[in-house]
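Below: the structure, in structure tokens.
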Amino acid sequence: MIVVDNCTMLLGEDKCQDIQQAFADLDSKRVSLCRLHYQGLPFLLGYAAAGTRWQWCILPANANESVEPIGPVLNLCRLDDSCQLLLSLVQAYRLLQVMVQSLARVPHRMRLYETISRGTGRQVQMLEETVFKTIDSFSEYANEQQTSFDSIAKAYNAANEAAAAAASQEPFLITSSIGPSLSTRSDRYTVHTAPCGWGPTVSSDKDHHGVALACCQAAQILHSKGLAHRDLRWGNILQIGPSKYMVIDLESAAAISPLVKLPQSFANILRTCTQSALDDGCYTTRSDMYSIGVLLEEACARPSQAGAAFICQLKQKALSAAQALHSLQTVWTAP
């Protein structure tokens with residue numbers, strides 16, 4: 001096994017005699033490649049060995065597809081086959097270098113099945129195609145964050161409905177595959193979210209436009225249901241394709257009516273949102289739009305003229321989510 005930055009890149013199976021059993025065992029241990037880790041990598045490299053026999057294979061990204069042997073079965077008792085294996089190892093190394101270069105550079109990339117604690121009883125675990133999130137003592141968390149289970153569930157329902165209505169398009173807002181649910185007995189919140197993405201790369205005007213589109217679409221989905229996201233920042237933006245992005249983390253979403261004054265101790269909001277974002281001390285839908293303007297400004301060192309004007313309007317709270325989407329279609333259009 002070869003692992004790079006918590007991503008397995010080469011996987012093999014060794015047996016004493018039966019190479020077909022090695023292939024069968026290799027196939028049984030596979031899982032589909034997680035997009036957060038592997039992006040669109042179509043396969044991993046593998047091998048099966050038994051005694052003195054060796055054969056390379058391809059492990060497709062989709063675990064439902066069978067392992068595909070490549071090249072001949074090499075008999076390492078033969079000199080020419082041994083030489084061929086040495087040459088193929090060099091080629092395999094070169095291939096792995098190319099594959100590694102295609103991986104997203106994600107700081108502190110989570111290992112599959114590893115559980116990460118995020119404070120306040122929150123835990124996150126990466127699975128093959130979903131992220132499993134839990135919050136212990138949810139009542140305490142909800143009180144601290146000034147939200148409720150009903151608001152969070154409503155946010156996920158809105159995201160799921162929007163994704164279903166645009167089934168042929170990539171989602172702009174994270175959805176839930178299971179849940180969310182809350183155990184009244186243990187006061188434990190759980191949800192499986194999907195799809196998985198990776199840390200965003202934003203370098204071109206097209207990328208900036210893609211981030212703006214995702215954020216404004218996500219805001220429109222939530223605002224239309226009387227909700228605000230309240231935590232629109234780079235840590236909650238994932239990339240899901242070339243210049244395509246998605247907003248995640250709906251556990252901070254809350255109803256915007258009635259308006260609630262935010263105390264200074266509300267660190268989750270005030271850490272990423274200055275008082276300029278608030279309206280008379282209250283977080284509103286306009287605050288979400290201001291936050292989008294801030295994160296775009298952070299990424300756009302030299303925005304286009306249309307992009308700069310758009311960001312300025314967001315920071316002035318002059319655009320609703322619907323108005324911002326209209327501007328992205330008519331004024332600051334995708335390159």
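Going by the structure tokens order, chains are called A, B, ..., each with residues numbered from 1, while ligands are numbered from 1 in the order shown.
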Report the residues of range 186-279 of chain A whose backbone DSSP state falls under strand (DSSP E), written as a PDB file with N, CA and C atoms, in the first residue's frame.
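Result file is states_22.pdb:
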ATOM      1  N   ARG A 188     -28.740  13.761  21.025  1.00  0.00           N
ATOM      2  CA  ARG A 188     -27.647  13.656  20.061  1.00  0.00           C
ATOM      3  C   ARG A 188     -28.177  13.899  18.648  1.00  0.00           C
ATOM      4  N   TYR A 189     -27.522  14.810  17.958  1.00  0.00           N
ATOM      5  CA  TYR A 189     -27.886  15.180  16.588  1.00  0.00           C
ATOM      6  C   TYR A 189     -26.997  14.413  15.620  1.00  0.00           C
ATOM      7  N   THR A 190     -27.582  13.887  14.539  1.00  0.00           N
ATOM      8  CA  THR A 190     -26.799  13.184  13.522  1.00  0.00           C
ATOM      9  C   THR A 190     -27.308  13.550  12.134  1.00  0.00           C
ATOM     10  N   VAL A 191     -26.387  13.528  11.169  1.00  0.00           N
ATOM     11  CA  VAL A 191     -26.758  13.741   9.771  1.00  0.00           C
ATOM     12  C   VAL A 191     -25.650  13.189   8.881  1.00  0.00           C
ATOM     13  N   HIS A 192     -26.044  12.607   7.752  1.00  0.00           N
ATOM     14  CA  HIS A 192     -25.106  12.211   6.703  1.00  0.00           C
ATOM     15  C   HIS A 192     -25.265  13.219   5.567  1.00  0.00           C
ATOM     16  N   THR A 193     -24.192  13.909   5.217  1.00  0.00           N
ATOM     17  CA  THR A 193     -24.274  14.914   4.165  1.00  0.00           C
ATOM     18  C   THR A 193     -23.543  14.451   2.913  1.00  0.00           C
ATOM     19  N   ALA A 194     -24.004  14.959   1.777  1.00  0.00           N
ATOM     20  CA  ALA A 194     -23.414  14.612   0.484  1.00  0.00           C
ATOM     21  C   ALA A 194     -23.771  15.729  -0.499  1.00  0.00           C
ATOM     22  N   LEU A 227     -34.757  31.498   6.239  1.00  0.00           N
ATOM     23  CA  LEU A 227     -33.560  31.088   6.971  1.00  0.00           C
ATOM     24  C   LEU A 227     -32.352  31.892   6.511  1.00  0.00           C
ATOM     25  N   ALA A 228     -31.363  31.982   7.377  1.00  0.00           N
ATOM     26  CA  ALA A 228     -30.061  32.549   7.011  1.00  0.00           C
ATOM     27  C   ALA A 228     -28.998  31.502   7.295  1.00  0.00           C
ATOM     28  N   ILE A 237     -16.839  26.477   1.998  1.00  0.00           N
ATOM     29  CA  ILE A 237     -16.967  26.398   0.539  1.00  0.00           C
ATOM     30  C   ILE A 237     -16.133  25.217   0.053  1.00  0.00           C
ATOM     31  N   LEU A 238     -16.746  24.316  -0.693  1.00  0.00           N
ATOM     32  CA  LEU A 238     -16.020  23.201  -1.296  1.00  0.00           C
ATOM     33  C   LEU A 238     -16.115  23.294  -2.811  1.00  0.00           C
ATOM     34  N   GLN A 239     -15.115  22.751  -3.474  1.00  0.00           N
ATOM     35  CA  GLN A 239     -15.136  22.672  -4.932  1.00  0.00           C
ATOM     36  C   GLN A 239     -15.634  21.293  -5.339  1.00  0.00           C
ATOM     37  N   ILE A 240     -16.484  21.245  -6.366  1.00  0.00           N
ATOM     38  CA  ILE A 240     -17.036  19.966  -6.816  1.00  0.00           C
ATOM     39  C   ILE A 240     -16.791  19.733  -8.303  1.00  0.00           C
ATOM     40  N   GLY A 241     -16.067  20.644  -8.942  1.00  0.00           N
ATOM     41  CA  GLY A 241     -15.747  20.514 -10.355  1.00  0.00           C
ATOM     42  C   GLY A 241     -15.015  21.754 -10.820  1.00  0.00           C
ATOM     43  N   LYS A 244     -16.711  25.073 -10.254  1.00  0.00           N
ATOM     44  CA  LYS A 244     -18.009  24.764  -9.644  1.00  0.00           C
ATOM     45  C   LYS A 244     -17.804  24.549  -8.149  1.00  0.00           C
ATOM     46  N   TYR A 245     -18.664  25.174  -7.350  1.00  0.00           N
ATOM     47  CA  TYR A 245     -18.467  25.192  -5.909  1.00  0.00           C
ATOM     48  C   TYR A 245     -19.782  24.919  -5.191  1.00  0.00           C
ATOM     49  N   MET A 246     -19.666  24.633  -3.896  1.00  0.00           N
ATOM     50  CA  MET A 246     -20.832  24.272  -3.100  1.00  0.00           C
ATOM     51  C   MET A 246     -20.661  24.809  -1.683  1.00  0.00           C
ATOM     52  N   VAL A 247     -21.752  25.293  -1.111  1.00  0.00           N
ATOM     53  CA  VAL A 247     -21.763  25.786   0.269  1.00  0.00           C
ATOM     54  C   VAL A 247     -22.159  24.639   1.193  1.00  0.00           C
ATOM     55  N   ALA A 254     -30.324  29.390  10.783  1.00  0.00           N
ATOM     56  CA  ALA A 254     -31.341  29.744  11.778  1.00  0.00           C
ATOM     57  C   ALA A 254     -32.438  30.563  11.116  1.00  0.00           C
ATOM     58  N   ALA A 255     -33.598  30.537  11.740  1.00  0.00           N
ATOM     59  CA  ALA A 255     -34.711  31.357  11.268  1.00  0.00           C
ATOM     60  C   ALA A 255     -34.367  32.830  11.462  1.00  0.00           C
TER      61      ALA A 255
END
Alpha helix (DSSP H) residues, from DSSP on the backbone, in range 30-158 of chain A, as a VMD selection string: chain A and resid 35 to 38 79 to 101 138 to 145 149 to 158
File of the preceding selection, C-alpha atoms, as a PDB file, in the first residue's frame:
ATOM      1  CA  ARG A  35     -14.527  12.911  -3.944  1.00  0.00           C
ATOM      2  CA  LEU A  36     -13.202  14.994  -1.072  1.00  0.00           C
ATOM      3  CA  HIS A  37      -9.980  13.007  -1.227  1.00  0.00           C
ATOM      4  CA  TYR A  38      -9.668  11.973  -4.855  1.00  0.00           C
ATOM      5  CA  LEU A  79      14.602 -13.594 -15.911  1.00  0.00           C
ATOM      6  CA  ASP A  80      12.777 -11.728 -18.678  1.00  0.00           C
ATOM      7  CA  ASP A  81       9.596 -11.459 -16.571  1.00  0.00           C
ATOM      8  CA  SER A  82      11.619 -10.213 -13.590  1.00  0.00           C
ATOM      9  CA  CYS A  83      13.198  -7.549 -15.798  1.00  0.00           C
ATOM     10  CA  GLN A  84       9.768  -6.611 -17.122  1.00  0.00           C
ATOM     11  CA  LEU A  85       8.504  -6.190 -13.558  1.00  0.00           C
ATOM     12  CA  LEU A  86      11.409  -3.870 -12.727  1.00  0.00           C
ATOM     13  CA  LEU A  87      10.647  -1.762 -15.793  1.00  0.00           C
ATOM     14  CA  SER A  88       6.941  -1.686 -14.957  1.00  0.00           C
ATOM     15  CA  LEU A  89       7.719  -0.551 -11.398  1.00  0.00           C
ATOM     16  CA  VAL A  90       9.467   2.492 -12.851  1.00  0.00           C
ATOM     17  CA  GLN A  91       6.448   3.218 -15.054  1.00  0.00           C
ATOM     18  CA  ALA A  92       4.118   2.685 -12.095  1.00  0.00           C
ATOM     19  CA  TYR A  93       6.124   5.199 -10.063  1.00  0.00           C
ATOM     20  CA  ARG A  94       5.809   7.752 -12.865  1.00  0.00           C
ATOM     21  CA  LEU A  95       2.077   7.101 -13.109  1.00  0.00           C
ATOM     22  CA  LEU A  96       1.656   7.559  -9.360  1.00  0.00           C
ATOM     23  CA  GLN A  97       3.479  10.890  -9.572  1.00  0.00           C
ATOM     24  CA  VAL A  98       0.988  12.087 -12.190  1.00  0.00           C
ATOM     25  CA  MET A  99      -1.955  10.802 -10.151  1.00  0.00           C
ATOM     26  CA  VAL A 100      -0.727  12.536  -6.994  1.00  0.00           C
ATOM     27  CA  GLN A 101      -0.433  15.826  -8.883  1.00  0.00           C
ATOM     28  CA  PHE A 138     -27.518  19.347  21.013  1.00  0.00           C
ATOM     29  CA  SER A 139     -29.749  21.487  23.236  1.00  0.00           C
ATOM     30  CA  GLU A 140     -26.667  23.182  24.647  1.00  0.00           C
ATOM     31  CA  TYR A 141     -25.229  23.647  21.151  1.00  0.00           C
ATOM     32  CA  ALA A 142     -28.485  25.113  19.833  1.00  0.00           C
ATOM     33  CA  ASN A 143     -28.675  27.531  22.744  1.00  0.00           C
ATOM     34  CA  GLU A 144     -25.095  28.680  22.176  1.00  0.00           C
ATOM     35  CA  GLN A 145     -25.634  29.089  18.433  1.00  0.00           C
ATOM     36  CA  PHE A 149     -33.221  21.536  15.266  1.00  0.00           C
ATOM     37  CA  ASP A 150     -36.317  22.618  13.333  1.00  0.00           C
ATOM     38  CA  SER A 151     -34.353  25.400  11.606  1.00  0.00           C
ATOM     39  CA  ILE A 152     -31.467  23.097  10.686  1.00  0.00           C
ATOM     40  CA  ALA A 153     -33.828  20.378   9.440  1.00  0.00           C
ATOM     41  CA  LYS A 154     -35.711  22.990   7.418  1.00  0.00           C
ATOM     42  CA  ALA A 155     -32.417  24.120   5.859  1.00  0.00           C
ATOM     43  CA  TYR A 156     -31.509  20.577   4.796  1.00  0.00           C
ATOM     44  CA  ASN A 157     -35.025  20.007   3.455  1.00  0.00           C
ATOM     45  CA  ALA A 158     -34.725  23.177   1.383  1.00  0.00           C
TER      46      ALA A 158
END
Neighbour list for His229 in chain A as a list in words, cut-off 9 Å, only C-alpha atoms, skip fewer than 6 positions in-chain: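 Skipping anything fewer than 6 positions along the chain leaves Ala155, Ala218, Ala219, Leu222, His223, Asp249, Leu250, Glu251, Ser252, Ala253, Ala254, Thr285 and Asp288 of chain A.
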Expected file: the selected residues, N, CA and C atoms, as a compact mmCIF listing (two decimals), in the first residue's frame:
# COMPACT_ATOMS: atom_id res chain seq x y z
N ALA A 155 -33.48 23.74 6.80
CA ALA A 155 -32.42 24.12 5.86
C ALA A 155 -32.03 22.94 4.98
N ALA A 218 -27.09 29.37 -2.92
CA ALA A 218 -27.33 28.80 -1.59
C ALA A 218 -28.12 29.76 -0.72
N ALA A 219 -27.73 31.04 -0.77
CA ALA A 219 -28.45 32.05 0.02
C ALA A 219 -29.90 32.16 -0.42
N LEU A 222 -32.01 29.26 0.95
CA LEU A 222 -32.30 29.38 2.38
C LEU A 222 -33.19 30.59 2.68
N HIS A 223 -32.88 31.71 2.06
CA HIS A 223 -33.66 32.93 2.34
C HIS A 223 -35.12 32.77 1.94
N ASP A 249 -22.21 23.03 5.56
CA ASP A 249 -22.37 23.32 6.99
C ASP A 249 -23.63 24.12 7.28
N LEU A 250 -24.74 23.41 7.38
CA LEU A 250 -26.02 24.05 7.67
C LEU A 250 -26.35 24.03 9.16
N GLU A 251 -25.39 23.61 9.97
CA GLU A 251 -25.66 23.53 11.41
C GLU A 251 -25.66 24.90 12.09
N SER A 252 -25.31 25.95 11.35
CA SER A 252 -25.43 27.31 11.90
C SER A 252 -26.65 28.03 11.36
N ALA A 253 -27.38 27.39 10.45
CA ALA A 253 -28.56 28.03 9.86
C ALA A 253 -29.61 28.29 10.94
N ALA A 254 -30.32 29.39 10.78
CA ALA A 254 -31.34 29.74 11.78
C ALA A 254 -32.44 30.56 11.12
N THR A 285 -30.85 38.40 6.42
CA THR A 285 -30.45 37.90 5.10
C THR A 285 -29.44 38.83 4.46
N ASP A 288 -25.96 37.80 5.35
CA ASP A 288 -25.42 36.73 4.50
C ASP A 288 -24.80 37.31 3.24
Residue nearest Gln329 in chain A - candidates A:Leu213, A:Ile248, A:Ala167, A:Cys16, atoms counted: only C-alpha atoms: A:Leu213
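The residue that comes closest to Trp234 in chain A, out of A:Gln220, A:Thr201, A:Gln313, A:Asn64 and on the basis of only C-alpha atoms, is A:Thr201.
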Residue contacts of Gln123 in chain A (12 Å, only C-alpha atoms) excluding same-chain residues fewer than 4 positions away, as a ChimeraX atom specification: /A:113-119,131-138,188-192
Polymer residues at most 8 Å from range 289-305 of chain A, only C-alpha atoms, same-chain spacing of 5 or more positions, as an NGL selection string: :A and (202-203 or 205 or 208 or 211-212 or 215-216 or 219 or 232-234 or 273 or 277 or 311-317 or 319-321)
Nearest-residue call for Asp207 in chain A, choices A:Gly307, A:Gly121, A:Gly226, A:Gly235, using only C-alpha atoms: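 Under the stated criterion, the closest residue is A:Gly307.
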